[in-house]
Amino acid sequence: MANDITLEWSKLTPLTTEEVNKLNHNGIEGVYRISKKEIDGKFYVIFVGSAINFKNELLTLLAGETGFLKQGGEFSFRYAPVKGEDKRKAIEKQMYKQYAPQYNAKEPVSSLDIKVNLN
Amino acid sequence: MTLVIGLKTKDGVVIASDSRASSEITSNDNVQKIFKLGDHSAIGISGDGRLAMYFLDQIKPNLNHGTGISDLAEQVRKIGKEKFNDFFEHLTPDKRPQLSLLLIGYTLDHKAEMYTLCSTDNFVPRKGVTGFECMGIPYFAEYLLNRLYEPDIKTEYGAEMCVLCLQETSSQHRGVGGEPHVATFSETKSFQEISSSEIEKMKKRAEQFQINQKNRFYPEDPNSGVLSPTI
């Protein structure tokens, strides 16, 4: 099935304050997902999100005293710039459905039905 | 169609079912399919629902609950065969409307047991050997229980496992649906149906279980993506 929108996704990037600070997307809207390296050496998505400023959101997650990042391990993230909350939420929902991330408390709500490439 | 599940646990038993009655065109999601027999025995029904209700009304007053579940199965067999021979004497058993029963309860020597009985073979009781039994649309539930069930599961988690099986089957087969009905009892605790608010919590946890494993099929591709993506 053809995608309604084609996104440009970033490379898989280590989720560290240093790497996130390198991002030149301060204030730019986007969707992102965080994955954790498992015993087989592969990264599996454990959290998906969207924000009007995803760089700040990632930095907030990294600075948090609690949360899934504190469990230890190797984390990565990738993101795609997306304008418009409706689109972001729809893409977040699509990612949620595909990756079934264990640290998203509930399914994102979106009335918009669009399909995008997730890689 | 229907899904009825019986499960033996470390400290009791669970009986559960969906609540959908469906015809070719319509469906109703408010049908009771599990029933208390004695304080420590229960029955689940699958098949021709209206016939099942009449059949239950007919046999319940004639059952002696004090002789253990294996004897209860024998009593149901005898009465069931007699009633069906009466109702459908013009049809051979394999041509008669199908009615399946799941009996669960305790033996006189304090063991939980389950029996399945089906009208198509004159209600010959079949004793469960795996610790769980599924009737109606059993395939998804049997798969899940084969993977997940261990005999030392506690009753509260056994109930939750049944809800998971009902949810998963409901998501794949339109003949199974409606609110799950789940009841538990033991040798010392009487038959008690779990409240709808508790069922709702179990459904939420079942949804969580369902999604936890899926990301294993979609690992991140380390080679995809660009250095500086743009809109």
# chains A, B, ... in the order shown; residues from 1 in each chain; ligands from 1
>>> residues_around(residues="B:Asp57", least_positions_apart="6", cutoff="12 Å", atoms="only C-alpha atoms", output="list in words")
Phe35, Leu37, Arg50, Leu51, Leu63, Ile79, Gly80 and Lys83 of chain B
>>> interface_residues(of="chain A", to="chain B", cutoff="6 Å", atoms="only C-alpha atoms", output="list in words")
Glu8, Trp9, Ser10, Lys11, Leu12, Phe43, Tyr44, Pro81, Tyr99, Ala100 and Gln102 of chain A
>>> write_last_selection(atoms="C-alpha atoms", output="tab-separated table (two decimals), in the first residue's frame")
chain	number	residue	atom	x	y	z
A	8	GLU	CA	12.81	11.46	5.96
A	9	TRP	CA	14.00	9.56	9.01
A	10	SER	CA	17.27	10.19	10.76
A	11	LYS	CA	19.95	7.55	11.20
A	12	LEU	CA	19.72	5.45	14.32
A	43	PHE	CA	17.62	-2.33	18.84
A	44	TYR	CA	13.92	-2.81	19.58
A	81	PRO	CA	10.59	16.21	11.20
A	99	TYR	CA	6.18	-1.36	17.35
A	100	ALA	CA	3.92	-1.96	20.36
A	102	GLN	CA	6.26	-1.26	26.15
>>> residues_around(residues="stretch 60-71 of chain A", least_positions_apart="3", cutoff="8 Å", atoms="only C-alpha atoms", output="PyMOL selection string")
chain A and resi 16-17+56-57+75+103
>>> write_last_selection(atoms="C-alpha atoms", output="compact mmCIF listing (two decimals), in the first residue's frame")
# COMPACT_ATOMS: atom_id res chain seq x y z
CA THR A 16 22.94 10.49 24.91
CA THR A 17 22.79 14.11 25.97
CA ASN A 56 13.78 19.33 24.33
CA GLU A 57 11.59 16.31 25.00
CA PHE A 75 19.45 3.22 23.95
CA TYR A 103 6.78 2.13 27.77
>>> select_by_dssp(residues="stretch 10-218 of chain B", states="strand (DSSP E or B)", output="VMD selection string")
chain B and resid 13 to 17 21 to 22 27 to 28 34 to 36 41 to 47 99 to 106 112 to 118 126 to 127 132 to 136 181 to 185 192 to 193
>>> select_by_dssp(residues="chain A", states="alpha helix (DSSP H)", output="number ranges by chain")
A: 17-21, 54-63, 85-99
>>> write_last_selection(atoms="N, CA and C atoms", output="CSV table (one decimal), in the first residue's frame")
chain,number,residue,atom,x,y,z
A,17,THR,N,23.0,12.7,25.9
A,17,THR,CA,22.8,14.1,26.0
A,17,THR,C,23.7,14.8,24.9
A,18,GLU,N,24.9,14.2,24.7
A,18,GLU,CA,25.8,14.8,23.8
A,18,GLU,C,25.3,14.7,22.4
A,19,GLU,N,24.7,13.5,22.0
A,19,GLU,CA,24.2,13.4,20.6
A,19,GLU,C,22.9,14.2,20.4
A,20,VAL,N,22.1,14.2,21.4
A,20,VAL,CA,20.9,15.0,21.3
A,20,VAL,C,21.2,16.5,21.1
A,21,ASN,N,22.2,17.0,21.9
A,21,ASN,CA,22.6,18.4,21.8
A,21,ASN,C,23.1,18.7,20.4
A,54,PHE,N,11.0,18.2,19.7
A,54,PHE,CA,11.4,16.8,20.2
A,54,PHE,C,12.7,16.8,20.8
A,55,LYS,N,13.6,17.8,20.4
A,55,LYS,CA,14.9,17.8,21.0
A,55,LYS,C,14.8,18.1,22.6
A,56,ASN,N,14.0,19.0,22.9
A,56,ASN,CA,13.8,19.3,24.3
A,56,ASN,C,13.2,18.1,25.1
A,57,GLU,N,12.3,17.5,24.4
A,57,GLU,CA,11.6,16.3,25.0
A,57,GLU,C,12.6,15.2,25.3
A,58,LEU,N,13.5,15.0,24.3
A,58,LEU,CA,14.5,13.9,24.5
A,58,LEU,C,15.5,14.3,25.7
A,59,LEU,N,15.8,15.6,25.7
A,59,LEU,CA,16.7,16.1,26.8
A,59,LEU,C,16.0,16.0,28.1
A,60,THR,N,14.7,16.2,28.2
A,60,THR,CA,14.0,16.1,29.4
A,60,THR,C,14.0,14.6,29.8
A,61,LEU,N,13.8,13.7,28.9
A,61,LEU,CA,13.8,12.3,29.2
A,61,LEU,C,15.1,11.9,29.8
A,62,LEU,N,16.2,12.4,29.1
A,62,LEU,CA,17.5,12.0,29.6
A,62,LEU,C,17.9,12.6,30.9
A,63,ALA,N,17.3,13.7,31.3
A,63,ALA,CA,17.6,14.4,32.6
A,63,ALA,C,16.7,13.8,33.7
A,85,GLU,N,0.3,19.1,14.4
A,85,GLU,CA,0.0,18.2,15.4
A,85,GLU,C,-0.8,17.0,15.0
A,86,ASP,N,-1.8,17.3,14.1
A,86,ASP,CA,-2.7,16.2,13.6
A,86,ASP,C,-1.8,15.1,13.0
A,87,LYS,N,-0.9,15.5,12.1
A,87,LYS,CA,-0.1,14.5,11.4
A,87,LYS,C,0.8,13.8,12.4
A,88,ARG,N,1.4,14.6,13.3
A,88,ARG,CA,2.3,14.0,14.2
A,88,ARG,C,1.6,12.9,15.0
A,89,LYS,N,0.4,13.2,15.5
A,89,LYS,CA,-0.3,12.2,16.3
A,89,LYS,C,-0.6,11.0,15.5
A,90,ALA,N,-1.0,11.2,14.3
A,90,ALA,CA,-1.4,10.1,13.4
A,90,ALA,C,-0.2,9.2,13.2
A,91,ILE,N,1.0,9.8,13.0
A,91,ILE,CA,2.2,9.0,12.8
A,91,ILE,C,2.6,8.3,14.1
A,92,GLU,N,2.5,9.0,15.2
A,92,GLU,CA,2.8,8.4,16.5
A,92,GLU,C,1.9,7.2,16.7
A,93,LYS,N,0.6,7.3,16.3
A,93,LYS,CA,-0.3,6.2,16.5
A,93,LYS,C,0.1,5.0,15.6
A,94,GLN,N,0.6,5.3,14.3
A,94,GLN,CA,1.0,4.3,13.4
A,94,GLN,C,2.2,3.6,14.0
A,95,MET,N,3.2,4.3,14.6
A,95,MET,CA,4.4,3.7,15.2
A,95,MET,C,4.0,2.9,16.3
A,96,TYR,N,3.0,3.4,17.1
A,96,TYR,CA,2.6,2.6,18.3
A,96,TYR,C,2.0,1.3,17.9
A,97,LYS,N,1.2,1.3,16.8
A,97,LYS,CA,0.6,0.0,16.4
A,97,LYS,C,1.7,-0.9,15.8
A,98,GLN,N,2.6,-0.4,15.1
A,98,GLN,CA,3.7,-1.3,14.5
A,98,GLN,C,4.6,-1.8,15.6
A,99,TYR,N,5.1,-0.9,16.5
A,99,TYR,CA,6.2,-1.4,17.4
A,99,TYR,C,5.7,-1.8,18.7
>>> residues_around(residues="stretch 42-47 of chain B", least_positions_apart="2", cutoff="7 Å", atoms="only C-alpha atoms", output="list of chain:residue names")
B:Met1, B:Thr2, B:Val4, B:Lys33, B:Ile34, B:Phe35, B:Lys36, B:Leu37, B:Gly38, B:His40, B:Gly49, B:Ala52, B:Gln98, B:Leu99, B:Ser100, B:Leu101, B:Leu102, B:Leu103, B:Ile104, B:Gly105, B:Met135, B:Gly136
>>> decode(residues="stretch 56-85 of chain A", atoms="N, CA and C atoms", output="CSV table (one decimal), in the first residue's frame")
chain,number,residue,atom,x,y,z
A,56,ASN,N,14.0,19.0,22.9
A,56,ASN,CA,13.8,19.3,24.3
A,56,ASN,C,13.2,18.1,25.1
A,57,GLU,N,12.3,17.5,24.4
A,57,GLU,CA,11.6,16.3,25.0
A,57,GLU,C,12.6,15.2,25.3
A,58,LEU,N,13.5,15.0,24.3
A,58,LEU,CA,14.5,13.9,24.5
A,58,LEU,C,15.5,14.3,25.7
A,59,LEU,N,15.8,15.6,25.7
A,59,LEU,CA,16.7,16.1,26.8
A,59,LEU,C,16.0,16.0,28.1
A,60,THR,N,14.7,16.2,28.2
A,60,THR,CA,14.0,16.1,29.4
A,60,THR,C,14.0,14.6,29.8
A,61,LEU,N,13.8,13.7,28.9
A,61,LEU,CA,13.8,12.3,29.2
A,61,LEU,C,15.1,11.9,29.8
A,62,LEU,N,16.2,12.4,29.1
A,62,LEU,CA,17.5,12.0,29.6
A,62,LEU,C,17.9,12.6,30.9
A,63,ALA,N,17.3,13.7,31.3
A,63,ALA,CA,17.6,14.4,32.6
A,63,ALA,C,16.7,13.8,33.7
A,64,GLY,N,15.7,13.1,33.3
A,64,GLY,CA,14.7,12.6,34.3
A,64,GLY,C,15.4,11.7,35.4
A,65,GLU,N,14.9,11.9,36.6
A,65,GLU,CA,15.4,11.0,37.7
A,65,GLU,C,14.8,9.6,37.6
A,66,THR,N,13.6,9.5,37.1
A,66,THR,CA,13.0,8.2,37.0
A,66,THR,C,12.7,7.9,35.5
A,67,GLY,N,12.0,6.8,35.3
A,67,GLY,CA,11.7,6.5,33.9
A,67,GLY,C,12.5,5.4,33.3
A,68,PHE,N,12.1,5.0,32.1
A,68,PHE,CA,12.7,3.7,31.6
A,68,PHE,C,14.1,3.9,31.2
A,69,LEU,N,14.6,5.1,31.0
A,69,LEU,CA,16.0,5.2,30.7
A,69,LEU,C,16.9,4.9,31.9
A,70,LYS,N,16.3,5.0,33.1
A,70,LYS,CA,17.2,4.7,34.3
A,70,LYS,C,17.4,3.2,34.5
A,71,GLN,N,16.7,2.4,33.7
A,71,GLN,CA,16.9,1.0,34.0
A,71,GLN,C,18.3,0.5,33.5
A,72,GLY,N,19.0,1.4,32.8
A,72,GLY,CA,20.3,1.0,32.3
A,72,GLY,C,20.2,0.3,31.0
A,73,GLY,N,21.3,0.2,30.3
A,73,GLY,CA,21.4,-0.4,28.9
A,73,GLY,C,21.7,0.6,27.9
A,74,GLU,N,21.7,0.2,26.7
A,74,GLU,CA,22.1,1.0,25.5
A,74,GLU,C,20.9,1.4,24.7
A,75,PHE,N,20.7,2.7,24.6
A,75,PHE,CA,19.5,3.2,24.0
A,75,PHE,C,19.8,4.0,22.7
A,76,SER,N,18.9,3.9,21.7
A,76,SER,CA,19.1,4.7,20.5
A,76,SER,C,17.8,5.4,20.2
A,77,PHE,N,17.9,6.4,19.3
A,77,PHE,CA,16.6,7.0,18.9
A,77,PHE,C,16.8,7.4,17.4
A,78,ARG,N,15.6,7.6,16.8
A,78,ARG,CA,15.6,8.2,15.4
A,78,ARG,C,14.4,9.0,15.4
A,79,TYR,N,14.4,10.0,14.4
A,79,TYR,CA,13.3,11.0,14.4
A,79,TYR,C,13.1,11.4,12.9
A,80,ALA,N,11.9,12.0,12.7
A,80,ALA,CA,11.6,12.6,11.4
A,80,ALA,C,10.9,13.9,11.7
A,81,PRO,N,11.3,14.9,11.0
A,81,PRO,CA,10.6,16.2,11.2
A,81,PRO,C,9.2,16.1,10.6
A,82,VAL,N,8.2,16.6,11.3
A,82,VAL,CA,6.8,16.6,10.8
A,82,VAL,C,6.1,17.8,11.3
A,83,LYS,N,5.5,18.6,10.4
A,83,LYS,CA,4.8,19.8,10.8
A,83,LYS,C,3.3,19.4,11.0
A,84,GLY,N,2.7,20.0,12.1
A,84,GLY,CA,1.3,19.8,12.3
A,84,GLY,C,1.0,18.7,13.3
A,85,GLU,N,0.3,19.1,14.4
A,85,GLU,CA,0.0,18.2,15.4
A,85,GLU,C,-0.8,17.0,15.0
